[in-house]
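Student: Got a file for you: my_file.pdb, PDB, C-alpha atoms.
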```
ATOM      1  CA  MET A   1      -1.568 -22.017 -50.759
ATOM      2  CA  SER A   2       1.227 -24.240 -49.538
ATOM      3  CA  LYS A   3       1.414 -25.508 -45.967
ATOM      4  CA  GLU A   4       4.665 -23.580 -45.422
ATOM      5  CA  SER A   5       3.052 -20.276 -46.422
ATOM      6  CA  LEU A   6       0.082 -20.961 -44.157
ATOM      7  CA  SER A   7       2.376 -21.651 -41.181
ATOM      8  CA  LEU A   8       4.342 -18.475 -41.847
ATOM      9  CA  MET A   9       1.157 -16.437 -41.983
ATOM     10  CA  LEU A  10      -0.106 -17.946 -38.717
ATOM     11  CA  ILE A  11       3.171 -17.126 -36.895
ATOM     12  CA  PHE A  12       3.032 -13.566 -38.192
ATOM     13  CA  GLN A  13      -0.565 -13.167 -37.041
ATOM     14  CA  VAL A  14       0.173 -14.601 -33.586
ATOM     15  CA  LEU A  15       3.004 -12.106 -33.102
ATOM     16  CA  ARG A  16       0.720  -9.247 -34.056
ATOM     17  CA  VAL A  17      -1.930 -10.420 -31.586
ATOM     18  CA  TYR A  18       0.488 -10.676 -28.641
ATOM     19  CA  GLU A  19       2.177  -7.352 -29.414
ATOM     20  CA  SER A  20      -1.097  -5.477 -29.152
ATOM     21  CA  GLU A  21      -1.663  -3.587 -25.884
ATOM     22  CA  PRO A  22      -5.015  -3.449 -24.119
ATOM     23  CA  SER A  23      -6.552  -0.038 -24.651
ATOM     24  CA  LEU A  24      -9.814   1.740 -24.014
ATOM     25  CA  SER A  25     -12.327   0.714 -26.681
ATOM     26  CA  GLN A  26     -15.938  -0.213 -27.094
ATOM     27  CA  SER A  27     -17.467  -3.105 -25.168
ATOM     28  CA  PRO A  28     -16.037  -6.506 -26.139
ATOM     29  CA  PHE A  29     -18.428  -8.439 -28.356
ATOM     30  CA  ILE A  30     -19.399 -11.504 -26.349
ATOM     31  CA  MET A  31     -21.861 -14.172 -27.388
ATOM     32  CA  THR A  32     -23.281 -16.850 -25.098
ATOM     33  CA  ALA A  33     -25.017 -20.095 -25.973
ATOM     34  CA  GLU A  34     -26.101 -23.346 -24.420
ATOM     35  CA  VAL A  35     -24.675 -26.711 -25.340
ATOM     36  CA  GLY A  36     -26.214 -28.119 -28.577
ATOM     37  CA  GLU A  37     -27.293 -24.790 -30.064
ATOM     38  CA  THR A  38     -26.211 -23.270 -33.380
ATOM     39  CA  VAL A  39     -24.497 -19.888 -33.364
ATOM     40  CA  GLU A  40     -23.310 -17.465 -36.043
ATOM     41  CA  LEU A  41     -20.196 -15.342 -35.432
ATOM     42  CA  GLY A  42     -19.633 -12.251 -37.541
ATOM     43  CA  CYS A  43     -16.277 -10.806 -38.534
ATOM     44  CA  HIS A  44     -16.005  -7.373 -40.155
ATOM     45  CA  GLN A  45     -13.524  -6.908 -42.973
ATOM     46  CA  ILE A  46     -12.043  -3.683 -44.257
ATOM     47  CA  TYR A  47     -12.832  -4.583 -47.843
ATOM     48  CA  GLU A  48     -15.767  -6.311 -49.469
ATOM     49  CA  VAL A  49     -15.897 -10.067 -49.032
ATOM     50  CA  GLU A  50     -15.820 -11.534 -52.558
ATOM     51  CA  LEU A  51     -14.576 -15.105 -52.273
ATOM     52  CA  VAL A  52     -15.344 -16.854 -48.961
ATOM     53  CA  SER A  53     -12.736 -19.544 -49.548
ATOM     54  CA  SER A  54      -9.973 -16.912 -49.503
ATOM     55  CA  TYR A  55     -10.528 -16.242 -45.792
ATOM     56  CA  PHE A  56      -9.447 -18.230 -42.751
ATOM     57  CA  TRP A  57     -10.913 -18.547 -39.287
ATOM     58  CA  TYR A  58      -8.954 -18.937 -36.027
ATOM     59  CA  LYS A  59     -10.006 -19.851 -32.528
ATOM     60  CA  GLN A  60      -8.018 -18.843 -29.452
ATOM     61  CA  ARG A  61      -8.642 -20.291 -26.036
ATOM     62  CA  VAL A  62      -7.378 -18.644 -22.882
ATOM     63  CA  GLY A  63      -3.645 -19.145 -22.459
ATOM     64  CA  GLU A  64      -3.202 -20.619 -25.944
ATOM     65  CA  ALA A  65      -2.146 -19.340 -29.346
ATOM     66  CA  PRO A  66      -4.752 -18.949 -32.106
ATOM     67  CA  LYS A  67      -5.434 -22.192 -33.967
ATOM     68  CA  LEU A  68      -6.623 -22.495 -37.527
ATOM     69  CA  ILE A  69     -10.138 -23.915 -37.882
ATOM     70  CA  ASP A  70     -10.378 -26.648 -40.468
ATOM     71  CA  ILE A  71     -13.275 -25.734 -42.738
ATOM     72  CA  PRO A  72     -13.865 -28.142 -45.683
ATOM     73  CA  PRO A  73     -14.291 -26.551 -49.126
ATOM     74  CA  TYR A  74     -17.548 -28.427 -49.672
ATOM     75  CA  GLN A  75     -19.829 -27.793 -46.726
ATOM     76  CA  GLY A  76     -22.667 -30.218 -46.282
ATOM     77  CA  ALA A  77     -25.361 -30.605 -43.641
ATOM     78  CA  ASP A  78     -23.077 -32.647 -41.398
ATOM     79  CA  CYS A  79     -20.372 -29.977 -41.227
ATOM     80  CA  LYS A  80     -19.767 -28.365 -37.861
ATOM     81  CA  PHE A  81     -18.179 -25.164 -39.229
ATOM     82  CA  ILE A  82     -19.551 -23.237 -42.195
ATOM     83  CA  SER A  83     -18.020 -19.993 -43.517
ATOM     84  CA  LYS A  84     -20.306 -17.726 -45.532
ATOM     85  CA  LYS A  85     -21.048 -14.148 -46.456
ATOM     86  CA  GLY A  86     -23.082 -11.979 -44.165
ATOM     87  CA  ASN A  87     -25.922  -9.592 -44.901
ATOM     88  CA  SER A  88     -23.386  -6.783 -45.325
ATOM     89  CA  LYS A  89     -20.840  -6.949 -48.149
ATOM     90  CA  ASN A  90     -17.848  -6.648 -45.787
ATOM     91  CA  VAL A  91     -19.071  -9.142 -43.148
ATOM     92  CA  LEU A  92     -17.929 -12.733 -42.987
ATOM     93  CA  ILE A  93     -19.996 -15.262 -41.004
ATOM     94  CA  LEU A  94     -18.827 -18.415 -39.230
ATOM     95  CA  GLU A  95     -21.663 -20.792 -38.409
ATOM     96  CA  ILE A  96     -21.014 -23.331 -35.631
ATOM     97  CA  ARG A  97     -23.485 -26.166 -35.219
ATOM     98  CA  ASN A  98     -24.094 -28.224 -32.081
ATOM     99  CA  VAL A  99     -21.776 -26.113 -29.966
ATOM    100  CA  GLN A 100     -19.979 -27.696 -27.034
ATOM    101  CA  VAL A 101     -18.118 -26.320 -24.040
ATOM    102  CA  ASN A 102     -14.759 -26.703 -25.803
ATOM    103  CA  ASP A 103     -16.023 -24.355 -28.541
ATOM    104  CA  SER A 104     -15.681 -21.470 -26.093
ATOM    105  CA  GLY A 105     -12.973 -18.983 -27.038
ATOM    106  CA  SER A 106     -12.181 -15.880 -29.069
ATOM    107  CA  TYR A 107     -12.613 -16.093 -32.857
ATOM    108  CA  TYR A 108     -10.679 -14.203 -35.545
ATOM    109  CA  CYS A 109     -10.813 -14.061 -39.299
ATOM    110  CA  ALA A 110      -8.153 -13.066 -41.825
ATOM    111  CA  ASP A 111      -7.553 -12.838 -45.563
ATOM    112  CA  ASN A 112      -5.131 -15.341 -47.075
ATOM    113  CA  ASP A 113      -2.753 -12.467 -47.781
ATOM    114  CA  VAL A 114       0.292 -13.130 -45.560
ATOM    115  CA  TYR A 115       0.470  -9.444 -44.564
ATOM    116  CA  ALA A 116      -3.190  -9.153 -43.617
ATOM    117  CA  SER A 117      -3.915  -8.700 -39.942
ATOM    118  CA  LEU A 118      -6.327 -10.755 -37.891
ATOM    119  CA  GLN A 119      -9.720  -9.142 -37.557
ATOM    120  CA  ASN A 120     -11.337  -9.447 -34.136
ATOM    121  CA  GLY A 121     -14.445 -11.553 -34.016
ATOM    122  CA  PRO A 122     -16.669 -12.199 -30.998
ATOM    123  CA  THR A 123     -15.834 -14.206 -27.909
ATOM    124  CA  LEU A 124     -18.050 -17.246 -27.545
ATOM    125  CA  LEU A 125     -18.989 -18.622 -24.118
ATOM    126  CA  ILE A 126     -20.781 -21.952 -23.946
ATOM    127  CA  GLY A 127     -22.631 -22.969 -20.774
ATOM    128  CA  ASP A 128     -22.298 -21.535 -17.276
ATOM    129  CA  SER A 129     -18.926 -21.371 -15.502
ATOM    130  CA  SER A 130     -20.230 -20.118 -12.157
ATOM    131  CA  THR A 131     -20.309 -22.241  -9.003
ATOM    132  CA  ASP A 132     -21.397 -21.707  -5.431
ATOM    133  CA  LYS A 133     -17.795 -20.700  -4.683
ATOM    134  CA  THR A 134     -17.587 -17.981  -7.334
ATOM    135  CA  ALA A 135     -16.433 -14.615  -5.972
ATOM    136  CA  VAL A 136     -15.191 -11.337  -7.482
ATOM    137  CA  LEU A 137     -12.811  -8.987  -5.665
ATOM    138  CA  VAL A 138     -11.141  -5.749  -6.780
ATOM    139  CA  PHE A 139      -7.847  -4.709  -5.184
ATOM    140  CA  VAL A 140      -6.592  -1.134  -4.960
ATOM    141  CA  PRO A 141      -2.911  -0.524  -4.109
ATOM    142  CA  THR A 142      -2.093   1.214  -0.829
ATOM    143  CA  GLY A 143       0.503   3.886  -0.240
ATOM    144  CA  GLU A 144       1.102   7.285  -1.782
ATOM    145  CA  LEU A 145      -1.305   7.056  -4.713
ATOM    146  CA  HIS A 146      -1.074  10.816  -5.281
ATOM    147  CA  LEU A 147       2.559  10.303  -6.358
ATOM    148  CA  ARG A 148       1.628   7.833  -9.111
ATOM    149  CA  GLU A 149       0.887   8.778 -12.691
ATOM    150  CA  THR A 150      -1.505   5.822 -12.985
ATOM    151  CA  VAL A 151      -3.369   3.670 -10.487
ATOM    152  CA  PRO A 152      -3.236  -0.119 -11.106
ATOM    153  CA  LEU A 153      -6.371  -2.111 -10.319
ATOM    154  CA  VAL A 154      -6.664  -5.900 -10.088
ATOM    155  CA  CYS A 155      -9.876  -7.908 -10.411
ATOM    156  CA  LEU A 156      -9.653 -11.424  -8.975
ATOM    157  CA  VAL A 157     -12.271 -13.988 -10.012
ATOM    158  CA  SER A 158     -12.191 -17.233  -8.037
ATOM    159  CA  GLY A 159     -14.276 -20.375  -7.798
ATOM    160  CA  VAL A 160     -15.212 -20.741 -11.505
ATOM    161  CA  SER A 161     -15.489 -24.113 -13.198
ATOM    162  CA  SER A 162     -13.656 -23.017 -16.369
ATOM    163  CA  ASN A 163     -11.091 -20.419 -17.333
ATOM    164  CA  GLN A 164     -13.078 -19.694 -20.485
ATOM    165  CA  ILE A 165     -14.770 -16.572 -19.149
ATOM    166  CA  ALA A 166     -14.803 -12.919 -20.164
ATOM    167  CA  ILE A 167     -13.504 -10.163 -17.905
ATOM    168  CA  PHE A 168     -13.648  -6.499 -18.838
ATOM    169  CA  TRP A 169     -13.737  -3.117 -17.106
ATOM    170  CA  ASN A 170     -16.024  -0.120 -17.149
ATOM    171  CA  ILE A 171     -13.952   2.955 -16.212
ATOM    172  CA  SER A 172     -16.371   5.873 -15.768
ATOM    173  CA  GLY A 173     -18.410   4.759 -18.785
ATOM    174  CA  ILE A 174     -15.449   3.709 -20.958
ATOM    175  CA  VAL A 175     -15.083  -0.036 -21.441
ATOM    176  CA  THR A 176     -11.776  -1.856 -21.811
ATOM    177  CA  GLU A 177     -10.828  -5.527 -21.803
ATOM    178  CA  GLY A 178      -7.824  -5.034 -19.546
ATOM    179  CA  GLN A 179      -5.213  -7.777 -19.418
ATOM    180  CA  SER A 180      -6.223 -11.176 -18.047
ATOM    181  CA  ASP A 181      -4.033 -14.140 -17.136
ATOM    182  CA  PRO A 182      -4.811 -17.740 -18.154
ATOM    183  CA  GLY A 183      -5.904 -18.563 -14.624
ATOM    184  CA  THR A 184      -4.734 -21.052 -12.021
ATOM    185  CA  ARG A 185      -6.437 -24.322 -11.254
ATOM    186  CA  GLU A 186      -6.944 -24.748  -7.522
ATOM    187  CA  ALA A 187      -6.945 -27.951  -5.474
ATOM    188  CA  ASP A 188     -10.757 -28.133  -5.512
ATOM    189  CA  GLY A 189     -10.834 -28.116  -9.342
ATOM    190  CA  THR A 190     -11.991 -24.509  -9.713
ATOM    191  CA  TYR A 191     -10.058 -21.704 -11.402
ATOM    192  CA  SER A 192      -8.788 -18.352 -10.151
ATOM    193  CA  ILE A 193      -8.298 -15.675 -12.797
ATOM    194  CA  SER A 194      -7.091 -12.091 -12.463
ATOM    195  CA  SER A 195      -7.443  -9.097 -14.748
ATOM    196  CA  HIS A 196      -5.306  -5.950 -14.596
ATOM    197  CA  VAL A 197      -6.073  -2.419 -15.725
ATOM    198  CA  THR A 198      -4.538   1.003 -15.109
ATOM    199  CA  VAL A 199      -6.518   4.168 -14.442
ATOM    200  CA  SER A 200      -5.182   7.691 -14.820
ATOM    201  CA  ARG A 201      -4.480   9.573 -11.597
ATOM    202  CA  GLU A 202      -6.880  12.356 -12.554
ATOM    203  CA  SER A 203      -9.731   9.967 -13.294
ATOM    204  CA  TRP A 204      -9.152   8.118 -10.011
ATOM    205  CA  ARG A 205      -8.862  11.196  -7.785
ATOM    206  CA  ASN A 206     -11.905  12.780  -9.421
ATOM    207  CA  GLY A 207     -14.036   9.974  -8.053
ATOM    208  CA  GLY A 208     -14.306   7.854 -11.187
ATOM    209  CA  LEU A 209     -16.255   4.608 -10.764
ATOM    210  CA  CYS A 210     -14.251   1.543 -11.797
ATOM    211  CA  THR A 211     -16.270  -1.635 -12.325
ATOM    212  CA  CYS A 212     -14.976  -5.114 -13.061
ATOM    213  CA  ILE A 213     -17.525  -7.073 -15.112
ATOM    214  CA  VAL A 214     -17.244 -10.857 -15.271
ATOM    215  CA  GLN A 215     -19.334 -12.770 -17.780
ATOM    216  CA  LEU A 216     -19.597 -16.446 -16.885
ATOM    217  CA  GLY A 217     -22.157 -17.474 -19.460
ATOM    218  CA  PRO A 218     -25.705 -16.116 -19.884
ATOM    219  CA  LEU A 219     -26.231 -12.467 -19.004
ATOM    220  CA  SER A 220     -28.062 -13.485 -15.847
ATOM    221  CA  LYS A 221     -24.804 -14.998 -14.585
ATOM    222  CA  ASN A 222     -22.775 -11.782 -14.802
ATOM    223  CA  ARG A 223     -20.857 -10.702 -11.704
ATOM    224  CA  THR A 224     -19.683  -7.139 -11.052
ATOM    225  CA  LYS A 225     -17.545  -5.401  -8.462
ATOM    226  CA  SER A 226     -16.956  -1.639  -8.286
ATOM    227  CA  VAL A 227     -14.457   0.599  -6.511
ATOM    228  CA  SER A 228     -13.968   4.363  -6.454
ATOM    229  CA  PHE A 229     -11.764   6.934  -4.771
ATOM    230  CA  SER A 230     -13.301   8.733  -1.803
ATOM    231  CA  LYS A 231     -11.885  12.207  -1.087
ATOM    232  CA  ALA A 232     -12.782  11.858   2.579
ATOM    233  CA  ALA A 233     -11.144   8.464   2.949
ATOM    234  CA  ARG A 234      -7.441   7.879   3.383
ATOM    235  CA  THR A 235      -5.601   4.662   3.938
ATOM    236  CA  TRP A 236      -4.093   3.982   7.339
ATOM    237  CA  ALA A 237      -0.612   3.857   5.845
ATOM    238  CA  SER A 238      -1.011   7.325   4.315
ATOM    239  CA  TRP A 239      -2.170   8.799   7.601
ATOM    240  CA  CYS A 240       0.744   7.169   9.435
ATOM    241  CA  LYS A 241       3.258   8.622   7.011
ATOM    242  CA  LEU A 242       1.738  12.086   7.355
ATOM    243  CA  ALA A 243       1.495  11.931  11.154
ATOM    244  CA  LEU A 244       4.962  10.490  11.834
ATOM    245  CA  PRO A 245       6.942  13.769  11.445
ATOM    246  CA  VAL A 246       4.399  15.618  13.597
ATOM    247  CA  ALA A 247       4.549  12.954  16.317
ATOM    248  CA  ILE A 248       8.364  13.061  16.383
ATOM    249  CA  THR A 249       8.336  16.872  16.696
ATOM    250  CA  ILE A 250       5.846  16.764  19.570
ATOM    251  CA  LEU A 251       7.892  14.086  21.350
ATOM    252  CA  LEU A 252      11.080  16.159  21.109
ATOM    253  CA  VAL A 253       9.297  19.244  22.475
ATOM    254  CA  LEU A 254       7.948  17.237  25.434
ATOM    255  CA  ILE A 255      11.403  15.854  26.221
ATOM    256  CA  LEU A 256      12.854  19.387  26.152
ATOM    257  CA  LEU A 257      10.139  20.646  28.492
ATOM    258  CA  LEU A 258      10.782  17.791  30.928
ATOM    259  CA  VAL A 259      14.497  18.607  31.003
ATOM    260  CA  LEU A 260      13.809  22.289  31.678
ATOM    261  CA  ILE A 261      11.351  21.446  34.461
ATOM    262  CA  PHE A 262      13.885  19.079  36.083
ATOM    263  CA  ILE A 263      16.583  21.788  36.018
ATOM    264  CA  TRP A 264      14.180  24.335  37.528
ATOM    265  CA  ILE A 265      13.170  21.956  40.354
ATOM    266  CA  ARG A 266      16.812  21.166  41.186
ATOM    267  CA  LYS A 267      17.695  24.848  41.270
ATOM    268  CA  ASN A 268      14.796  25.716  43.607
ATOM    269  CA  SER A 269      15.573  22.804  45.945
ATOM    270  CA  ARG A 270      19.168  23.983  46.344
ATOM    271  CA  SER A 271      18.047  27.554  47.054
ATOM    272  CA  GLU A 272      15.624  26.357  49.730
ATOM    273  CA  GLU A 273      18.341  24.164  51.309
ATOM    274  CA  ARG A 274      20.684  27.116  51.603
ATOM    275  CA  GLY A 275      17.894  29.213  53.096
ATOM    276  CA  ARG A 276      17.191  26.610  55.776
ATOM    277  CA  ARG A 277      20.756  26.486  57.126
ATOM    278  CA  SER A 278      21.042  27.586  60.825
ATOM    279  CA  PRO A 279      23.019  30.663  61.896
ATOM    280  CA  ASN A 280      25.384  28.369  63.766
ATOM    281  CA  GLU A 281      26.184  26.487  60.532
ATOM    282  CA  LYS A 282      26.671  29.750  58.693
ATOM    283  CA  PHE A 283      28.999  30.986  61.446
ATOM    284  CA  THR A 284      30.951  27.728  61.338
ATOM    285  CA  ALA A 285      31.320  27.927  57.583
ATOM    286  CA  THR A 286      32.607  31.524  57.589
ATOM    287  CA  CYS A 287      34.567  32.071  60.895
ATOM    288  CA  PRO A 288      38.290  31.358  61.290
ATOM    289  CA  PRO A 289      39.395  28.455  63.517
ATOM    290  CA  GLN A 290      40.603  30.792  66.310
ATOM    291  CA  PHE A 291      37.133  32.228  66.806
ATOM    292  CA  LEU A 292      35.632  28.790  66.864
ATOM    293  CA  ALA A 293      38.071  27.720  69.570
ATOM    294  CA  PHE A 294      37.502  30.937  71.478
ATOM    295  CA  ARG A 295      33.762  30.417  71.378
ATOM    296  CA  GLU A 296      34.155  26.980  72.876
ATOM    297  CA  PHE A 297      36.574  28.266  75.532
ATOM    298  CA  VAL A 298      34.204  30.927  76.769
ATOM    299  CA  GLY A 299      31.404  28.401  77.093
ATOM    300  CA  GLY A 300      29.725  28.637  73.755
ATOM    301  CA  ALA A 301      28.298  25.685  71.942
ATOM    302  CA  THR A 302      30.794  23.409  70.343
ATOM    303  CA  PRO A 303      30.569  23.786  66.618
ATOM    304  CA  SER A 304      29.688  20.628  64.791
ATOM    305  CA  GLY A 305      32.507  19.106  62.843
ATOM    306  CA  VAL A 306      35.359  20.645  64.991
ATOM    307  CA  SER A 307      37.613  17.973  66.533
ATOM    308  CA  PRO A 308      39.302  18.326  70.003
ATOM    309  CA  ALA A 309      42.728  18.211  68.374
ATOM    310  CA  ARG A 310      41.800  21.232  66.259
ATOM    311  CA  ARG A 311      40.562  23.194  69.320
ATOM    312  CA  GLU A 312      43.771  22.407  71.245
ATOM    313  CA  LYS A 313      45.914  23.516  68.328
ATOM    314  CA  ASP A 314      44.057  26.783  67.925
ATOM    315  CA  LEU A 315      44.699  27.696  71.664
ATOM    316  CA  GLN A 316      48.460  27.140  71.688
ATOM    317  CA  ASP A 317      49.294  30.845  71.369
ATOM    318  CA  PRO A 318      49.660  32.349  74.939
ATOM    319  CA  ALA A 319      48.250  35.688  73.865
ATOM    320  CA  ASP A 320      45.167  34.046  72.537
ATOM    321  CA  ARG A 321      44.736  32.020  75.702
ATOM    322  CA  LEU A 322      45.162  35.122  77.919
ATOM    323  CA  PHE A 323      42.656  37.061  75.863
ATOM    324  CA  MET A 324      40.137  34.282  75.972
ATOM    325  CA  LEU A 325      40.576  33.876  79.752
ATOM    326  CA  GLY A 326      39.902  37.535  80.331
ATOM    327  CA  TRP A 327      36.862  37.427  78.164
ATOM    328  CA  ARG A 328      35.528  34.481  80.107
ATOM    329  CA  LEU A 329      36.074  36.183  83.474
ATOM    330  CA  MET A 330      34.214  39.222  82.305
ATOM    331  CA  ARG A 331      31.237  37.063  81.413
ATOM    332  CA  THR A 332      31.277  35.182  84.752
ATOM    333  CA  PRO A 333      28.641  36.654  87.150
ATOM    334  CA  HIS A 334      30.056  37.981  90.539
ATOM    335  CA  SER A 335      28.244  38.464  93.817
ATOM    336  CA  ASP A 336      28.127  42.054  95.047
ATOM    337  CA  SER A 337      29.342  43.300  98.471
ATOM    338  CA  ASN A 338      25.982  42.673  99.949
ATOM    339  CA  GLY A 339      26.254  38.999  99.140
ATOM    340  CA  ASN A 340      23.863  39.274  96.268
TER     341      ASN A 340
END
```
What does the file become when written as structure tokens?

Tutor:
Amino acid sequence: MSKESLSLMLIFQVLRVYESEPSLSQSPFIMTAEVGETVELGCHQIYEVELVSSYFWYKQRVGEAPKLIDIPPYQGADCKFISKKGNSKNVLILEIRNVQVNDSGSYYCADNDVYASLQNGPTLLIGDSSTDKTAVLVFVPTGELHLRETVPLVCLVSGVSSNQIAIFWNISGIVTEGQSDPGTREADGTYSISSHVTVSRESWRNGGLCTCIVQLGPLSKNRTKSVSFSKAARTWASWCKLALPVAITILLVLILLLVLIFIWIRKNSRSEERGRRSPNEKFTATCPPQFLAFREFVGGATPSGVSPARREKDLQDPADRLFMLGWRLMRTPHSDSNGN
């Protein structure tokens, strides 16, 4: 096969790999090994493997495109990579000798047919990527989750020495790889890597257990973090949004009650003030000016608020003055004939 045809096939395979969406499937096949060991990776083909040399192997590291593995046609004892048939007729085996940390990655196999798709092989992890800073966190979005069709979950792995790790999810017993990013190298030399997955609203609200599983090397180095929906628990933001209309309604009712109470108090205070007015004030407010002047002339109390000019004006009529004088004489006590 020419070099041009091989390049065309590799581009086609890369596009097919990146177009694939993460979906619920069986547990990812992960193999771990220590530096210097020999491992055998199996790749299942649809058809029977007849000629080993008609198949190619690819290795893909995190954040990189698959790269063709150079396997010599004549494989001696000093060869690092050896391709051979497996115990089953449709299994192809890649043997890797004296594995090193840079051998970590995902392996694929494919027929030399340009239209053949890449067949998933195992993911190989060499050594231990955990450190004393390694931590796993799972983030659940806040807000109105009951309005969403799906619930996005994020698993953040930090403090690992390499981004060549495996992250997958167990959603109520169903395992999926999710979608992981290449990772970010921090200032201290460690990596932070996140993995995303979506869970159906029904599965989440029914209390499904969602577990992020991080494989850093040997099985003893696995880290897990689980989250689930609690029917009794609600986020503070959700409660605030539910309580806000009720709080506004109660506040408006209280303001209305305070206004009514203020009006009632003002009305009662005015009624009591009118009830406390003296008879003299009532008489002053209702009697004509002539009677007020007459009352003063005959010796009554001077009404408050009546000026001397007003009293003089009201007594200008001679008839009024004569009548008032007679009334005053009648009220003046006289001594009787006996001098009493």

Student: Show which residues sit within 9 Å of region 53-58 of chain A, as number ranges by chain. Count all atoms listed in the file, and ignore same-chain residues fewer than 2 positions away.

Tutor: A: 49-51, 60, 66-71, 73, 83-84, 92, 94, 106-113, 118

Student: Excluding His196 (chain A) and any residue of its chain fewer than 6 positions from it, enumerate the residues within 10 Å of it, using only C-alpha atoms, and give them as a list in words.

Tutor: Pro22, Val138, Phe139, Pro152, Leu153, Val154, Cys155, Leu156, Ile167, Phe168, Trp169, Glu177, Gly178, Gln179, Ser180, Asp181 and Cys212 of chain A

Student: Between A:Ala243, A:Val140, A:Val35, A:Val259, which has the minimum distance to Thr198 (chain A) (counting all atoms listed in the file)?

Tutor: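 With all atoms listed in the file as the atom set, the closest residue is A:Val140.
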
Student: Tell me which of A:Ile82, A:Val91, A:Leu216, A:Ile174 sits closest to Ala33 (chain A), counting all atoms listed in the file.

Tutor: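 Answer, going by the shortest atom-to-atom distance: A:Leu216.
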
Student: Any chance you could work out the residue set of the PyMOL selection byres ((chain A and resi 135) around 8) here, as a VMD selection string?

Tutor: chain A and resid 133 to 134 136 to 137 157 to 159

Student: Which residues fall under the PyMOL selection byres ((chain A and resi 166) around 12) in this file, as number ranges by chain?

Tutor: A: 27-32, 61-62, 104-106, 122-126, 128-129, 157, 160, 162-165, 167-169, 176-183, 193-195, 212-219, 221-224

Student: Please report the interatomic distance between CA of Cys79 (chain A) and CA of Ile96 (chain A) in Å with one decimal.

Tutor: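 If I compute the distance from CA of Cys79 (chain A) to CA of Ile96 (chain A), I get 8.7 Å.
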
Student: Rounded to one decimal place, report the CA of Glu95 (chain A)-CA of Lys80 (chain A) distance in Å.

Tutor: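 Between CA of Glu95 (chain A) and CA of Lys80 (chain A) the gap works out to 7.8 Å.
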
Student: Using all atoms listed in the file, which of A:Glu37, A:Glu64, A:Glu48, A:Asp132 sits nearest Arg97 (chain A)?

Tutor: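 Of A:Glu37, A:Glu64, A:Glu48, A:Asp132, the one nearest Arg97 (chain A) is A:Glu37, counting all atoms listed in the file.
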
Student: Grab the CA of Val227 (chain A) to CA of Leu209 (chain A) distance for me, in Å with one decimal place.

Tutor: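 Distance between the two atoms: 6.1 Å.
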
Student: Which residue is closest to Leu41 (chain A)? Choose from A:Gly208, A:Gly86, A:Gly63, A:Gly173 and count all atoms listed in the file.

Tutor: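 Once distances to Leu41 (chain A) are computed over all atoms listed in the file, the minimum belongs to A:Gly86.
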
Student: Using the chain letters and residue numbers of this document, give as a PyMOL selection string the residues selected by the PyMOL selection byres ((chain A and resi 202) around 12).

Tutor: chain A and resi 145-151+172+198-201+203-208+229

Student: Once you have the residues from the selection above, write them out as a compact mmCIF listing (two decimals), in the coordinates of the input, restricted to C-alpha atoms.

Tutor:
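Listed below is the output, part.txt:
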```txt
# COMPACT_ATOMS: atom_id res chain seq x y z
CA LEU A 145 -1.30 7.06 -4.71
CA HIS A 146 -1.07 10.82 -5.28
CA LEU A 147 2.56 10.30 -6.36
CA ARG A 148 1.63 7.83 -9.11
CA GLU A 149 0.89 8.78 -12.69
CA THR A 150 -1.50 5.82 -12.98
CA VAL A 151 -3.37 3.67 -10.49
CA SER A 172 -16.37 5.87 -15.77
CA THR A 198 -4.54 1.00 -15.11
CA VAL A 199 -6.52 4.17 -14.44
CA SER A 200 -5.18 7.69 -14.82
CA ARG A 201 -4.48 9.57 -11.60
CA SER A 203 -9.73 9.97 -13.29
CA TRP A 204 -9.15 8.12 -10.01
CA ARG A 205 -8.86 11.20 -7.78
CA ASN A 206 -11.90 12.78 -9.42
CA GLY A 207 -14.04 9.97 -8.05
CA GLY A 208 -14.31 7.85 -11.19
CA PHE A 229 -11.76 6.93 -4.77
```
